[in-house]
Amino acid sequence: MNERNKFPSMGTMRTEMEVCEDQKSEKYCKKMKKKGKCESKKIAKKCKKTCEVCDDGQGCNESYKMQQNLTCQDGNCACVICTFMLDNRVNSVKYNGVPLGISPGSAVTSWSLEKVISFQSCCDNCPGVLEIKGTNSENDYHCNLAGLLLRCTASRSSSPWHNFISDIYHWKVENDAIPCNGTFSQPLLEIPFIAALKSFGAKKIWNNEKNATLRGSPAFYIPI
């Protein structure tokens, strides 16, 4: 399937996200986010864009607030499981700003070990944002020597996270730039789980720096 047409409602969802604005100044909101104040409903309301609590008018962000009390059996939620490779070190993984555990924990410093995360997505119209931060151990050629390779599946096939992959259409790096698309070396393809991710269409993405913050969402659509 053409990556550009994978999610029919991408344009609509991105438009909805883009109209979201902060009521306070950018400087104020960034300061509040850095201090972890976005957990406060009062601050989140004043800094919707910065705190990433925009919704489609149907209270989706309230569903996110409830996630800790939900299980994968809840009817409107999808249990999302993502398998990924990151070369070299994983610094953090968050879904809608909430830190996620990585299994196994020892895999965060080893690019050759399969990493697994999971979260619940409770609103298809505003699926939220997955953020992965990592560091390359090399000092140059970052786009090819480093990289994130990922595929997610969901317990409900209608979820926009089902078969979501790392690519250059639904991911952003610093300053909302398009990620670079790295190449696969033979040692990578000799590792079964990495070869499997590639076979599902996942691309190896990064930026041109040693450190990368990669933010992906089915709601992003970047025409190339």
# chains A, B, ... in the order shown; residues from 1 in each chain; ligands from 1

$ residues_around --residues "Val80 (chain A)" --least-positions-apart "5" --cutoff "12 Å" --atoms "only C-alpha atoms" --output "number ranges by chain"
A: 71-72, 95, 116-122, 127, 130, 151-164

$ residues_around --residues "region 214-216 of chain A" --least-positions-apart "4" --cutoff "6 Å" --atoms "only C-alpha atoms" --output "PDB file with N, CA and C atoms, in the first residue's frame"
ATOM      1  N   VAL A 129       0.989  11.188  20.234  1.00  0.00           N
ATOM      2  CA  VAL A 129       2.342  11.249  19.684  1.00  0.00           C
ATOM      3  C   VAL A 129       3.273  10.330  20.467  1.00  0.00           C
ATOM      4  N   LEU A 130       4.042   9.544  19.742  1.00  0.00           N
ATOM      5  CA  LEU A 130       5.078   8.702  20.316  1.00  0.00           C
ATOM      6  C   LEU A 130       6.411   9.425  20.136  1.00  0.00           C
ATOM      7  N   GLU A 131       7.155   9.599  21.213  1.00  0.00           N
ATOM      8  CA  GLU A 131       8.435  10.301  21.158  1.00  0.00           C
ATOM      9  C   GLU A 131       9.550   9.379  21.623  1.00  0.00           C
ATOM     10  N   ILE A 132      10.572   9.241  20.787  1.00  0.00           N
ATOM     11  CA  ILE A 132      11.721   8.397  21.120  1.00  0.00           C
ATOM     12  C   ILE A 132      12.990   9.230  20.977  1.00  0.00           C
ATOM     13  N   HIS A 170       5.288  10.151   8.515  1.00  0.00           N
ATOM     14  CA  HIS A 170       4.546  10.297   9.768  1.00  0.00           C
ATOM     15  C   HIS A 170       5.450  10.531  10.965  1.00  0.00           C
ATOM     16  N   TRP A 171       6.684  10.948  10.701  1.00  0.00           N
ATOM     17  CA  TRP A 171       7.640  11.226  11.772  1.00  0.00           C
ATOM     18  C   TRP A 171       8.316  12.573  11.547  1.00  0.00           C
ATOM     19  N   LYS A 172       8.692  13.208  12.660  1.00  0.00           N
ATOM     20  CA  LYS A 172       9.397  14.484  12.617  1.00  0.00           C
ATOM     21  C   LYS A 172      10.604  14.418  13.543  1.00  0.00           C
ATOM     22  N   VAL A 173      11.617  15.221  13.235  1.00  0.00           N
ATOM     23  CA  VAL A 173      12.751  15.382  14.143  1.00  0.00           C
ATOM     24  C   VAL A 173      12.749  16.822  14.643  1.00  0.00           C
TER      25      VAL A 173
END

$ closest_residue --among "A:Cys77, A:Ile168, A:Cys82, A:Ala212" --to "Cys123 (chain A)" --atoms "only C-alpha atoms"
A:Cys77

$ residues_around --residues "Tyr169 (chain A)" --least-positions-apart "2" --cutoff "10 Å" --atoms "only C-alpha atoms" --output "ChimeraX atom specification"
/A:3-4,165-167,171-172,178-179,216-218,220-224

$ residues_around --residues "Val108 (chain A)" --least-positions-apart "6" --cutoff "10 Å" --atoms "only C-alpha atoms" --output "JSON, numbers by chain"
{"A": [85, 86, 87, 88, 89, 90, 91, 92, 102, 114, 115, 134]}

$ decode --residues "region 21-174 of chain A" --atoms "C-alpha atoms" --output "PDB file, in the first residue's frame"
ATOM      1  CA  GLU A  21      -2.907  27.209  19.984  1.00  0.00           C
ATOM      2  CA  ASP A  22      -1.397  28.245  23.306  1.00  0.00           C
ATOM      3  CA  GLN A  23      -3.269  30.945  25.211  1.00  0.00           C
ATOM      4  CA  LYS A  24      -0.073  32.007  26.962  1.00  0.00           C
ATOM      5  CA  SER A  25       3.232  33.003  25.361  1.00  0.00           C
ATOM      6  CA  GLU A  26       5.523  30.406  23.850  1.00  0.00           C
ATOM      7  CA  LYS A  27       8.227  31.255  26.394  1.00  0.00           C
ATOM      8  CA  TYR A  28       5.825  30.769  29.313  1.00  0.00           C
ATOM      9  CA  CYS A  29       4.467  27.470  28.009  1.00  0.00           C
ATOM     10  CA  LYS A  30       7.887  26.001  27.268  1.00  0.00           C
ATOM     11  CA  LYS A  31       9.003  26.936  30.765  1.00  0.00           C
ATOM     12  CA  MET A  32       5.959  25.229  32.284  1.00  0.00           C
ATOM     13  CA  LYS A  33       6.502  22.092  30.182  1.00  0.00           C
ATOM     14  CA  LYS A  34      10.166  21.911  31.187  1.00  0.00           C
ATOM     15  CA  LYS A  35       9.105  22.054  34.833  1.00  0.00           C
ATOM     16  CA  GLY A  36       6.612  19.230  34.312  1.00  0.00           C
ATOM     17  CA  LYS A  37       3.627  21.514  34.898  1.00  0.00           C
ATOM     18  CA  CYS A  38       1.673  20.136  31.923  1.00  0.00           C
ATOM     19  CA  GLU A  39       0.211  17.556  34.297  1.00  0.00           C
ATOM     20  CA  SER A  40      -1.808  20.425  35.768  1.00  0.00           C
ATOM     21  CA  LYS A  41      -5.144  20.817  33.972  1.00  0.00           C
ATOM     22  CA  LYS A  42      -4.970  24.578  34.508  1.00  0.00           C
ATOM     23  CA  ILE A  43      -1.554  24.859  32.822  1.00  0.00           C
ATOM     24  CA  ALA A  44      -2.442  22.362  30.093  1.00  0.00           C
ATOM     25  CA  LYS A  45      -5.512  24.418  29.177  1.00  0.00           C
ATOM     26  CA  LYS A  46      -3.419  27.586  28.839  1.00  0.00           C
ATOM     27  CA  CYS A  47      -0.685  25.785  26.863  1.00  0.00           C
ATOM     28  CA  LYS A  48      -2.589  23.241  24.763  1.00  0.00           C
ATOM     29  CA  LYS A  49      -0.159  23.197  21.869  1.00  0.00           C
ATOM     30  CA  THR A  50       3.033  23.037  23.932  1.00  0.00           C
ATOM     31  CA  CYS A  51       1.608  20.486  26.381  1.00  0.00           C
ATOM     32  CA  GLU A  52       0.219  18.417  23.470  1.00  0.00           C
ATOM     33  CA  VAL A  53      -3.284  18.069  24.861  1.00  0.00           C
ATOM     34  CA  CYS A  54      -5.135  19.179  21.744  1.00  0.00           C
ATOM     35  CA  ASP A  55      -8.177  17.161  20.866  1.00  0.00           C
ATOM     36  CA  ASP A  56     -10.882  17.025  18.229  1.00  0.00           C
ATOM     37  CA  GLY A  57     -13.558  18.579  20.416  1.00  0.00           C
ATOM     38  CA  GLN A  58     -14.703  15.224  21.722  1.00  0.00           C
ATOM     39  CA  GLY A  59     -12.691  15.160  24.943  1.00  0.00           C
ATOM     40  CA  CYS A  60      -9.961  12.874  23.636  1.00  0.00           C
ATOM     41  CA  ASN A  61      -7.363  14.364  25.914  1.00  0.00           C
ATOM     42  CA  GLU A  62      -9.544  13.395  28.862  1.00  0.00           C
ATOM     43  CA  SER A  63      -9.351   9.817  27.624  1.00  0.00           C
ATOM     44  CA  TYR A  64      -5.565  10.093  27.767  1.00  0.00           C
ATOM     45  CA  LYS A  65      -5.763  11.302  31.359  1.00  0.00           C
ATOM     46  CA  MET A  66      -7.731   8.153  32.205  1.00  0.00           C
ATOM     47  CA  GLN A  67      -5.319   5.684  30.635  1.00  0.00           C
ATOM     48  CA  GLN A  68      -3.683   4.601  33.858  1.00  0.00           C
ATOM     49  CA  ASN A  69      -7.060   3.254  35.013  1.00  0.00           C
ATOM     50  CA  LEU A  70      -7.825   1.407  31.789  1.00  0.00           C
ATOM     51  CA  THR A  71      -6.952  -2.059  30.585  1.00  0.00           C
ATOM     52  CA  CYS A  72      -6.620  -3.450  27.110  1.00  0.00           C
ATOM     53  CA  GLN A  73     -10.034  -5.040  27.478  1.00  0.00           C
ATOM     54  CA  ASP A  74     -11.777  -1.650  27.571  1.00  0.00           C
ATOM     55  CA  GLY A  75     -13.983  -1.446  24.500  1.00  0.00           C
ATOM     56  CA  ASN A  76     -12.944   1.928  23.090  1.00  0.00           C
ATOM     57  CA  CYS A  77      -9.215   1.520  23.686  1.00  0.00           C
ATOM     58  CA  ALA A  78      -6.620  -0.271  21.649  1.00  0.00           C
ATOM     59  CA  CYS A  79      -3.610  -1.908  23.240  1.00  0.00           C
ATOM     60  CA  VAL A  80      -0.658  -0.879  21.070  1.00  0.00           C
ATOM     61  CA  ILE A  81       2.575  -2.880  21.090  1.00  0.00           C
ATOM     62  CA  CYS A  82       5.615  -1.540  19.242  1.00  0.00           C
ATOM     63  CA  THR A  83       8.791  -3.420  18.416  1.00  0.00           C
ATOM     64  CA  PHE A  84      11.809  -1.351  17.497  1.00  0.00           C
ATOM     65  CA  MET A  85      15.544  -1.107  16.984  1.00  0.00           C
ATOM     66  CA  LEU A  86      17.534   1.996  17.855  1.00  0.00           C
ATOM     67  CA  ASP A  87      21.218   2.363  17.062  1.00  0.00           C
ATOM     68  CA  ASN A  88      22.854   2.963  19.503  1.00  0.00           C
ATOM     69  CA  ARG A  89      21.304   4.040  22.825  1.00  0.00           C
ATOM     70  CA  VAL A  90      17.694   4.732  23.823  1.00  0.00           C
ATOM     71  CA  ASN A  91      17.494   7.724  26.143  1.00  0.00           C
ATOM     72  CA  SER A  92      13.724   7.837  26.660  1.00  0.00           C
ATOM     73  CA  VAL A  93      10.390   6.800  25.174  1.00  0.00           C
ATOM     74  CA  LYS A  94       7.158   8.693  25.825  1.00  0.00           C
ATOM     75  CA  TYR A  95       3.568   8.516  24.643  1.00  0.00           C
ATOM     76  CA  ASN A  96       1.758  11.849  24.976  1.00  0.00           C
ATOM     77  CA  GLY A  97       4.486  12.980  27.332  1.00  0.00           C
ATOM     78  CA  VAL A  98       4.134   9.965  29.649  1.00  0.00           C
ATOM     79  CA  PRO A  99       7.326   7.857  29.999  1.00  0.00           C
ATOM     80  CA  LEU A 100       7.063   4.255  28.815  1.00  0.00           C
ATOM     81  CA  GLY A 101       9.003   1.264  30.060  1.00  0.00           C
ATOM     82  CA  ILE A 102      11.171  -0.641  27.602  1.00  0.00           C
ATOM     83  CA  SER A 103      11.381  -4.417  27.652  1.00  0.00           C
ATOM     84  CA  PRO A 104      13.891  -5.828  28.250  1.00  0.00           C
ATOM     85  CA  GLY A 105      15.531  -3.028  30.214  1.00  0.00           C
ATOM     86  CA  SER A 106      18.987  -4.210  29.209  1.00  0.00           C
ATOM     87  CA  ALA A 107      18.159  -3.526  25.554  1.00  0.00           C
ATOM     88  CA  VAL A 108      18.376   0.264  25.849  1.00  0.00           C
ATOM     89  CA  THR A 109      22.148   0.238  25.380  1.00  0.00           C
ATOM     90  CA  SER A 110      22.314  -2.523  22.765  1.00  0.00           C
ATOM     91  CA  TRP A 111      21.195  -1.798  19.208  1.00  0.00           C
ATOM     92  CA  SER A 112      21.123  -5.513  18.331  1.00  0.00           C
ATOM     93  CA  LEU A 113      18.492  -6.421  20.938  1.00  0.00           C
ATOM     94  CA  GLU A 114      14.783  -6.199  20.145  1.00  0.00           C
ATOM     95  CA  LYS A 115      13.000  -3.522  22.176  1.00  0.00           C
ATOM     96  CA  VAL A 116       9.280  -3.582  23.016  1.00  0.00           C
ATOM     97  CA  ILE A 117       7.002  -0.848  24.352  1.00  0.00           C
ATOM     98  CA  SER A 118       3.245  -0.716  24.851  1.00  0.00           C
ATOM     99  CA  PHE A 119       0.579   1.900  25.494  1.00  0.00           C
ATOM    100  CA  GLN A 120      -3.166   2.383  25.160  1.00  0.00           C
ATOM    101  CA  SER A 121      -4.710   4.573  22.498  1.00  0.00           C
ATOM    102  CA  CYS A 122      -8.266   5.533  23.377  1.00  0.00           C
ATOM    103  CA  CYS A 123      -9.185   7.996  20.630  1.00  0.00           C
ATOM    104  CA  ASP A 124      -8.746   7.204  16.942  1.00  0.00           C
ATOM    105  CA  ASN A 125      -9.363  10.785  15.828  1.00  0.00           C
ATOM    106  CA  CYS A 126      -6.505  12.123  17.954  1.00  0.00           C
ATOM    107  CA  PRO A 127      -4.122   9.183  18.320  1.00  0.00           C
ATOM    108  CA  GLY A 128      -1.417  11.096  20.148  1.00  0.00           C
ATOM    109  CA  VAL A 129       2.342  11.249  19.684  1.00  0.00           C
ATOM    110  CA  LEU A 130       5.078   8.702  20.316  1.00  0.00           C
ATOM    111  CA  GLU A 131       8.435  10.301  21.158  1.00  0.00           C
ATOM    112  CA  ILE A 132      11.721   8.397  21.120  1.00  0.00           C
ATOM    113  CA  LYS A 133      15.035   9.999  22.038  1.00  0.00           C
ATOM    114  CA  GLY A 134      18.336   8.342  21.272  1.00  0.00           C
ATOM    115  CA  THR A 135      22.075   8.823  20.855  1.00  0.00           C
ATOM    116  CA  ASN A 136      24.483   7.552  18.222  1.00  0.00           C
ATOM    117  CA  SER A 137      27.829   6.288  19.517  1.00  0.00           C
ATOM    118  CA  GLU A 138      29.685   7.377  16.373  1.00  0.00           C
ATOM    119  CA  ASN A 139      30.754  10.965  15.815  1.00  0.00           C
ATOM    120  CA  ASP A 140      29.785  11.364  12.163  1.00  0.00           C
ATOM    121  CA  TYR A 141      27.679   9.885   9.319  1.00  0.00           C
ATOM    122  CA  HIS A 142      24.783   9.794  11.754  1.00  0.00           C
ATOM    123  CA  CYS A 143      22.061   9.285   9.178  1.00  0.00           C
ATOM    124  CA  ASN A 144      23.521   5.974   8.046  1.00  0.00           C
ATOM    125  CA  LEU A 145      25.312   4.776  11.171  1.00  0.00           C
ATOM    126  CA  ALA A 146      22.408   5.465  13.543  1.00  0.00           C
ATOM    127  CA  GLY A 147      18.688   4.940  13.139  1.00  0.00           C
ATOM    128  CA  LEU A 148      15.263   4.063  14.490  1.00  0.00           C
ATOM    129  CA  LEU A 149      13.363   1.161  12.957  1.00  0.00           C
ATOM    130  CA  LEU A 150       9.856   0.515  14.334  1.00  0.00           C
ATOM    131  CA  ARG A 151       6.549  -1.237  13.768  1.00  0.00           C
ATOM    132  CA  CYS A 152       3.434  -1.119  15.950  1.00  0.00           C
ATOM    133  CA  THR A 153       0.399  -3.374  16.024  1.00  0.00           C
ATOM    134  CA  ALA A 154      -2.861  -2.755  17.874  1.00  0.00           C
ATOM    135  CA  SER A 155      -5.388  -5.064  19.509  1.00  0.00           C
ATOM    136  CA  ARG A 156      -8.042  -3.393  17.351  1.00  0.00           C
ATOM    137  CA  SER A 157      -7.257  -3.357  13.616  1.00  0.00           C
ATOM    138  CA  SER A 158      -9.273  -0.144  13.126  1.00  0.00           C
ATOM    139  CA  SER A 159      -6.816   1.755  15.323  1.00  0.00           C
ATOM    140  CA  PRO A 160      -4.587   4.138  13.324  1.00  0.00           C
ATOM    141  CA  TRP A 161      -1.641   2.686  15.267  1.00  0.00           C
ATOM    142  CA  HIS A 162      -2.172  -0.767  13.747  1.00  0.00           C
ATOM    143  CA  ASN A 163       0.748  -1.466  11.390  1.00  0.00           C
ATOM    144  CA  PHE A 164       2.187   1.997  12.082  1.00  0.00           C
ATOM    145  CA  ILE A 165       5.854   2.081  11.047  1.00  0.00           C
ATOM    146  CA  SER A 166       8.882   4.354  11.104  1.00  0.00           C
ATOM    147  CA  ASP A 167       8.970   6.337   7.856  1.00  0.00           C
ATOM    148  CA  ILE A 168       9.507   9.873   6.567  1.00  0.00           C
ATOM    149  CA  TYR A 169       5.782  10.627   6.181  1.00  0.00           C
ATOM    150  CA  HIS A 170       4.546  10.297   9.768  1.00  0.00           C
ATOM    151  CA  TRP A 171       7.640  11.226  11.772  1.00  0.00           C
ATOM    152  CA  LYS A 172       9.397  14.484  12.617  1.00  0.00           C
ATOM    153  CA  VAL A 173      12.751  15.382  14.143  1.00  0.00           C
ATOM    154  CA  GLU A 174      13.946  18.641  15.696  1.00  0.00           C
TER     155      GLU A 174
END
